[in-house]
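Engineer: Pasting final05.txt below, which is compact mmCIF, C-alpha atoms.
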# COMPACT_ATOMS: atom_id res chain seq x y z
CA MET T 114 -59.41 27.68 65.24
CA ALA T 115 -59.14 27.27 61.47
CA PRO T 116 -57.76 23.94 60.19
CA GLN T 117 -54.18 24.11 58.69
CA LYS T 118 -53.68 23.29 55.01
CA SER T 119 -51.41 20.27 54.49
CA ALA T 120 -48.37 21.07 52.28
CA LYS T 121 -48.12 18.86 49.15
CA ARG T 122 -44.99 16.70 49.14
CA LYS T 123 -43.04 16.07 45.88
CA VAL T 124 -42.64 12.42 44.90
CA ALA T 125 -39.02 11.29 44.39
CA ALA T 126 -37.90 10.65 40.81
CA LEU T 127 -37.54 7.09 39.56
CA PRO T 128 -34.08 5.51 39.49
CA SER T 129 -32.25 5.62 36.14
CA ASN T 130 -32.53 1.87 35.43
CA VAL T 131 -36.26 1.84 36.23
CA ARG T 132 -36.75 4.99 34.19
CA SER T 133 -35.05 3.45 31.15
CA THR T 134 -37.20 0.29 31.33
CA ALA T 135 -40.32 2.37 31.79
CA SER T 136 -39.51 4.48 28.76
CA LYS T 137 -38.81 1.33 26.71
CA GLY T 138 -42.12 -0.17 27.77
CA ASP T 139 -43.98 2.91 26.59
CA LYS T 140 -42.55 2.48 23.07
CA GLN T 141 -45.16 1.19 20.65
CA GLU T 142 -44.13 -1.67 18.39
CA ASN T 143 -45.14 -1.88 14.79
CA PRO T 144 -47.58 -4.81 14.40
CA LEU T 145 -46.38 -5.38 10.83
CA PHE T 146 -42.94 -6.53 12.03
CA GLU T 147 -42.95 -9.51 14.35
CA ARG T 148 -40.05 -9.81 16.77
CA ARG T 149 -38.20 -13.09 16.30
CA PRO T 150 -35.28 -13.42 18.74
CA ARG T 151 -32.60 -15.95 17.79
CA HIS T 152 -31.75 -19.03 19.84
CA PHE T 153 -28.28 -20.49 19.36
CA GLY T 154 -28.88 -23.79 21.14
CA ILE T 155 -28.30 -27.22 19.58
CA GLY T 156 -30.50 -27.63 16.54
CA GLN T 157 -31.62 -23.99 16.64
CA ASP T 158 -30.41 -20.96 14.66
CA ILE T 159 -27.13 -20.99 12.71
CA GLN T 160 -24.17 -19.76 14.73
CA PRO T 161 -22.49 -16.49 13.64
CA LYS T 162 -19.23 -16.76 11.68
CA ARG T 163 -16.12 -16.94 13.82
CA ASN T 164 -12.39 -17.30 13.16
CA LEU T 165 -11.87 -21.04 13.65
CA SER T 166 -8.23 -21.22 12.46
CA ARG T 167 -7.10 -22.21 15.97
CA PHE T 168 -9.37 -25.25 15.90
CA ILE T 169 -8.67 -26.44 12.33
CA LYS T 170 -6.69 -29.64 11.91
CA TRP T 171 -4.10 -28.39 9.44
CA PRO T 172 -2.24 -30.75 7.08
CA LYS T 173 0.95 -32.24 8.45
CA TYR T 174 3.25 -30.29 6.13
CA VAL T 175 1.69 -26.98 7.28
CA ASN T 176 2.31 -27.86 10.93
CA LEU T 177 5.88 -28.88 10.10
CA GLN T 178 6.50 -25.58 8.31
CA ARG T 179 5.24 -23.59 11.29
CA GLN T 180 7.14 -25.66 13.83
CA ARG T 181 10.33 -25.35 11.78
CA LYS T 182 9.96 -21.58 11.64
CA ILE T 183 9.40 -21.35 15.42
CA LEU T 184 12.37 -23.63 16.12
CA ARG T 185 14.62 -21.50 13.93
CA MET T 186 13.53 -18.45 15.91
CA ARG T 187 14.02 -20.09 19.33
CA LEU T 188 17.23 -22.11 18.84
CA LYS T 189 20.64 -20.50 18.37
CA VAL T 190 21.70 -20.89 14.73
CA PRO T 191 25.44 -21.12 13.93
CA PRO T 192 26.89 -18.54 11.52
CA ALA T 193 27.43 -21.08 8.71
CA ILE T 194 23.65 -21.65 8.53
CA ASN T 195 22.53 -18.19 9.63
CA GLN T 196 24.23 -16.60 6.59
CA PHE T 197 21.43 -18.01 4.41
CA SER T 198 18.90 -15.75 6.16
CA GLN T 199 20.66 -12.69 4.69
CA THR T 200 19.58 -12.55 1.05
CA LEU T 201 20.12 -10.15 -1.82
CA ASP T 202 17.98 -6.99 -1.77
CA ARG T 203 15.00 -6.76 -4.10
CA ASN T 204 16.30 -4.22 -6.63
CA THR T 205 19.60 -6.04 -7.16
CA ALA T 206 17.76 -9.38 -7.39
CA VAL T 207 15.51 -8.00 -10.15
CA GLN T 208 18.57 -6.93 -12.17
CA LEU T 209 20.20 -10.31 -11.56
CA PHE T 210 17.23 -12.33 -12.78
CA LYS T 211 16.88 -10.09 -15.84
CA LEU T 212 20.47 -10.97 -16.73
CA LEU T 213 19.92 -14.68 -16.02
CA ALA T 214 16.82 -14.71 -18.24
CA LYS T 215 18.99 -13.77 -21.24
CA TYR T 216 21.13 -16.89 -20.75
CA ARG T 217 18.49 -19.52 -20.12
CA PRO T 218 19.35 -22.98 -21.52
CA GLU T 219 17.42 -24.04 -24.60
CA THR T 220 14.40 -26.28 -24.20
CA GLN T 221 14.10 -29.71 -25.80
CA GLN T 222 11.95 -28.29 -28.62
CA GLU T 223 14.50 -25.54 -29.35
CA LYS T 224 17.34 -28.06 -29.33
CA LYS T 225 15.44 -30.34 -31.69
CA ALA T 226 14.77 -27.46 -34.10
CA ARG T 227 18.44 -26.42 -34.02
CA LEU T 228 19.67 -29.96 -34.72
CA ASN T 229 17.16 -30.37 -37.55
CA ALA T 230 18.37 -27.13 -39.14
CA GLN T 231 21.99 -28.31 -38.90
CA ALA T 232 21.07 -31.69 -40.41
CA GLU T 233 19.33 -29.98 -43.35
CA LYS T 234 22.42 -27.89 -44.02
CA VAL T 235 24.64 -30.97 -43.97
CA ALA T 236 22.23 -32.82 -46.31
CA ALA T 237 22.35 -29.87 -48.72
CA GLY T 238 26.15 -30.06 -48.80
CA GLN T 239 26.70 -26.94 -46.71
CA GLN T 240 28.94 -26.67 -43.65
CA ALA T 241 27.00 -26.54 -40.39
CA GLU T 242 28.25 -23.80 -38.09
CA ALA T 243 28.57 -24.94 -34.49
CA GLU T 244 27.87 -21.86 -32.37
CA LYS T 245 29.01 -21.81 -28.76
CA GLN T 246 26.06 -21.82 -26.38
CA LEU T 247 26.32 -19.01 -23.83
CA VAL T 248 24.04 -20.31 -21.08
CA VAL T 249 23.90 -20.24 -17.32
CA LYS T 250 25.33 -23.35 -15.63
CA HIS T 251 23.47 -25.40 -13.03
CA GLY T 252 24.07 -28.58 -11.03
CA ILE T 253 25.97 -28.47 -7.74
CA ASN T 254 28.83 -30.72 -8.90
CA HIS T 255 29.30 -28.75 -12.11
CA ILE T 256 29.28 -25.44 -10.23
CA THR T 257 31.81 -26.79 -7.72
CA ASN T 258 34.21 -27.64 -10.56
CA LEU T 259 33.72 -24.21 -12.12
CA VAL T 260 34.45 -22.47 -8.79
CA GLU T 261 37.52 -24.61 -8.09
CA SER T 262 38.89 -23.86 -11.56
CA LYS T 263 37.96 -20.14 -11.12
CA LYS T 264 35.94 -20.11 -14.33
CA ALA T 265 32.69 -18.93 -12.69
CA LYS T 266 32.19 -15.15 -12.80
CA LEU T 267 29.17 -15.12 -10.47
CA VAL T 268 27.55 -17.84 -8.35
CA VAL T 269 23.90 -17.56 -7.26
CA ILE T 270 22.84 -19.76 -4.31
CA ALA T 271 19.29 -20.45 -3.07
CA ASN T 272 18.56 -19.79 0.60
CA ASP T 273 15.96 -22.55 1.16
CA VAL T 274 17.81 -25.69 0.05
CA ASP T 275 16.78 -28.74 2.06
CA PRO T 276 18.97 -30.35 3.38
CA ILE T 277 21.11 -27.24 3.81
CA GLU T 278 24.30 -29.36 3.85
CA ILE T 279 24.17 -29.47 0.04
CA VAL T 280 25.21 -25.80 -0.23
CA VAL T 281 26.37 -24.82 3.28
CA TRP T 282 30.05 -25.04 2.25
CA LEU T 283 29.69 -23.23 -1.09
CA PRO T 284 30.00 -19.61 0.19
CA ALA T 285 33.24 -20.49 2.00
CA LEU T 286 34.62 -22.11 -1.18
CA CYS T 287 33.68 -19.03 -3.23
CA ARG T 288 35.43 -16.74 -0.73
CA LYS T 289 38.54 -18.92 -0.78
CA MET T 290 38.70 -18.98 -4.58
CA GLY T 291 37.85 -15.29 -4.94
CA VAL T 292 34.64 -15.95 -6.89
CA PRO T 293 31.73 -13.48 -6.37
CA TYR T 294 28.64 -15.13 -4.88
CA CYS T 295 25.22 -14.10 -3.64
CA ILE T 296 22.31 -15.75 -1.82
CA VAL T 297 18.80 -15.22 -3.19
CA LYS T 298 15.32 -16.27 -2.10
CA SER T 299 13.58 -19.41 -3.40
CA LYS T 300 15.17 -22.39 -5.09
CA SER T 301 12.07 -22.63 -7.29
CA ARG T 302 12.85 -19.17 -8.68
CA LEU T 303 16.29 -20.43 -9.72
CA GLY T 304 14.67 -23.56 -11.14
CA THR T 305 12.50 -21.55 -13.54
CA VAL T 306 15.65 -20.10 -15.10
CA VAL T 307 16.92 -23.56 -16.13
CA HIS T 308 13.48 -25.11 -16.91
CA GLN T 309 13.36 -27.22 -13.74
CA LYS T 310 11.23 -27.30 -10.59
CA THR T 311 14.10 -26.28 -8.32
CA ALA T 312 17.81 -25.49 -8.55
CA THR T 313 20.24 -25.24 -5.64
CA ALA T 314 22.70 -22.90 -7.39
CA LEU T 315 23.49 -21.26 -10.73
CA ALA T 316 26.74 -19.94 -12.19
CA ILE T 317 27.50 -17.42 -14.91
CA VAL T 318 30.62 -18.34 -16.91
CA ASP T 319 30.56 -16.60 -20.30
CA ILE T 320 28.44 -13.64 -21.38
CA LYS T 321 28.09 -11.40 -24.41
CA ASP T 322 29.99 -8.14 -24.71
CA GLU T 323 26.87 -5.97 -24.36
CA ASP T 324 26.12 -7.51 -20.93
CA LYS T 325 29.58 -7.15 -19.42
CA GLN T 326 28.80 -3.73 -17.95
CA SER T 327 25.64 -4.97 -16.21
CA LEU T 328 27.53 -8.00 -14.86
CA ALA T 329 30.29 -5.75 -13.52
CA SER T 330 27.75 -3.58 -11.65
CA LEU T 331 26.08 -6.71 -10.25
CA VAL T 332 29.42 -8.14 -9.08
CA GLU T 333 30.23 -4.82 -7.38
CA ALA T 334 26.91 -4.80 -5.52
CA VAL T 335 27.22 -8.48 -4.60
CA ASN T 336 30.75 -8.08 -3.23
CA ALA T 337 29.63 -5.14 -1.10
CA ASN T 338 26.81 -7.21 0.44
CA PHE T 339 28.54 -10.58 0.89
CA THR T 340 32.30 -10.77 0.27
CA ALA T 341 33.12 -7.49 2.03
CA LYS T 342 31.07 -8.56 5.07
CA SER T 343 32.61 -12.03 5.31
CA ASP T 344 34.14 -11.43 8.79
CA GLU T 345 30.84 -10.13 10.14
CA ILE T 346 28.93 -13.06 8.58
CA ARG T 347 31.28 -15.61 10.14
CA ARG T 348 30.75 -14.13 13.62
CA THR T 349 27.00 -13.48 13.54
CA TRP T 350 24.81 -16.09 15.20
CA GLY T 351 21.09 -16.31 14.54
CA GLY T 352 17.99 -17.34 16.46
CA GLY T 353 17.63 -17.00 20.21
CA ILE T 354 14.37 -15.03 19.84
CA MET T 355 11.94 -16.08 22.54
CA GLY T 356 8.14 -15.85 22.47
CA THR T 357 6.12 -12.85 23.66
CA LYS T 358 5.29 -14.46 27.02
CA SER T 359 8.94 -15.27 27.72
CA GLN T 360 10.03 -11.78 26.68
CA ALA T 361 7.44 -10.22 29.01
CA LYS T 362 8.59 -12.45 31.88
CA VAL T 363 12.25 -11.53 31.35
CA ALA T 364 11.39 -7.81 31.11
CA LYS T 365 9.41 -8.03 34.37
CA ARG T 366 12.29 -9.79 36.11
CA GLU T 367 14.80 -7.19 34.88
CA ALA T 368 12.54 -4.36 36.01
CA ALA T 369 12.27 -5.93 39.49
CA LEU T 370 16.07 -6.29 39.73
CA ALA T 371 16.58 -2.70 38.63
CA ARG T 372 14.05 -1.57 41.28
CA GLU T 373 15.92 -3.51 43.99
CA VAL T 374 19.25 -2.01 42.95
CA LYS T 375 17.74 1.46 43.03
CA LEU T 376 16.29 0.91 46.54
CA SER T 377 19.53 -0.52 47.91
CA ALA T 378 21.48 2.44 46.51
Is it possible to express this structure as structure tokens?

Structural biologist:
Amino acid sequence: MAPQKSAKRKVAALPSNVRSTASKGDKQENPLFERRPRHFGIGQDIQPKRNLSRFIKWPKYVNLQRQRKILRMRLKVPPAINQFSQTLDRNTAVQLFKLLAKYRPETQQEKKARLNAQAEKVAAGQQAEAEKQLVVKHGINHITNLVESKKAKLVVIANDVDPIEIVVWLPALCRKMGVPYCIVKSKSRLGTVVHQKTATALAIVDIKDEDKQSLASLVEAVNANFTAKSDEIRRTWGGGIMGTKSQAKVAKREAALAREVKLSA
């Protein structure tokens, strides 16, 4: 009887992970480039750059600014203080500061030059003409007197005065006396108009004839944004905005309650 031929069996393929390592091992490395793996232990290679702002010890005033902002978001703010968060829109503010720039008070150098010119005229036997200075008024006590006497045509208040009690009553006084007012951003921006670091408020009293039309349009826009909305401003509270974690927790709780109501129904 003839011997039977044994059938050749196929060898199973390698697993994918073994196959990948085997193919990597077959790859020839270039001897010109030596492989130098990095070690990030103590005293070894320099660590890669990371965002370390969470671990920085910030100055105290920076921490206070951030904490104050968070507190104003979390705590309920009464309407008398919350009204200072609603400021004049950008386009109207640009027109306002263009008008204020025309009536900036004179600097000490300009005043000195003006007085010297008047003194020279008097020394020459001529009559010195005393021109009325049409400038914007500043100083909280001065502005208060102007509003009470209804001489102010427009009052501009800064929104970031600290302490806020200095100007918190001024919008109510302007509404009572029928004087147009507006709240703008940055007391330092008002300060630059009157050559000072900061200014709590400014007032326009007298202007030239060519600027009366622009002032009238500004007063109309300001009244529409502030005086006309006085009832809404006096009723609107601010703050009460919780953090993202608290908002997610409240949303989850409300969803669970809604689910229970739906199941019970």

Engineer: Work out how far atom CA of Ser262 of chain T is from atom CA of Gln199 of chain T, in Å to one decimal.

Structural biologist: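 Those two atoms sit 26.9 Å apart.
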
Engineer: Write out as an MDAnalysis selection string each polymer residue whose atoms come within 8 Å of segment 285-294 of chain T, counting all atoms listed in the file; drop sequence neighbours fewer than 4 positions from it.

Structural biologist: chainID T and resid 260:261 263 265:270 332 335:336 339:340

Engineer: Please report the interatomic distance between atom CA of His251 of chain T and atom CA of Leu209 of chain T in Å with one decimal.

Structural biologist: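 Separation between atom CA of His251 of chain T and atom CA of Leu209 of chain T: 15.5 Å.
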
Engineer: Can you list, as a ChimeraX atom specification, every protein, DNA or RNA residue that comes within 12 Å of Gln246 of chain T when you count all atoms listed in the file, leaving out same-chain residues fewer than 6 positions away?

Structural biologist: /T:215-219,224,227,318-321

Engineer: Box in all listed atoms of segment 184-196 of chain T, axis-aligned, with 4 Å more on each side; write out centre and edge lengths in Å to one decimal as AutoDock Vina command-line options.

Structural biologist:
--center_x 19.9 --center_y -20.1 --center_z 13.0 --size_x 23.1 --size_y 15.0 --size_z 20.7

Engineer: Nearest to Val249 of chain T among T:Leu283, T:Ala337, T:Gly304, T:Ile194, with distances taken over all atoms listed in the file: which residue is it?

Structural biologist: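 The closest residue to Val249 of chain T is T:Gly304.
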
Engineer: For Pro276 of chain T, which residue out of T:Asn254, T:Leu259, T:Asn176, T:Thr313 is the nearest one, using all atoms listed in the file?

Structural biologist: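 When distances to Pro276 of chain T are compared using all atoms listed in the file, the smallest one comes from T:Thr313.
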
Engineer: Can you work out which one of T:Ser166, T:Gln196, T:Ser359, T:Thr311 has the shortest atom-to-atom distance to Lys342 of chain T, counting all atoms listed in the file?

Structural biologist: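 Counting all atoms listed in the file, the residue closest to Lys342 of chain T is T:Gln196.
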
Engineer: Kindly indicate which residue among T:Val235, T:Val190, T:Leu177, T:Ala314 lies nearest to Val274 of chain T, using only C-alpha atoms for the distances.

Structural biologist: T:Ala314

Engineer: Could you tell me how far atom CA of Asn338 of chain T sits from atom CA of Asp322 of chain T, in Å to one decimal place?

Structural biologist: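 We find that atom CA of Asp322 of chain T and atom CA of Asn338 of chain T lie 25.4 Å from each other.
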
Engineer: In terms of the shortest atom-to-atom distance over all atoms listed in the file, which of T:Ala371, T:Val363, T:Ala316, T:Ile346 is closest to Pro192 of chain T?

Structural biologist: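 For Pro192 of chain T, the nearest of the candidates is T:Ile346.
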
Engineer: Using only C-alpha atoms, which residue out of T:Ala329, T:Ile155, T:Ile253, T:Leu376 lies closest to Ala312 of chain T?

Structural biologist: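 The answer is T:Ile253, which sits nearest to Ala312 of chain T.
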
Engineer: Would you list the contacts of Thr205 of chain T as a ChimeraX atom specification, taking every protein, DNA or RNA residue within 10 Å and counting all atoms listed in the file, but skipping same-chain residues closer than 2 positions in sequence?

Structural biologist: /T:201-203,207-211,330-331,334-335
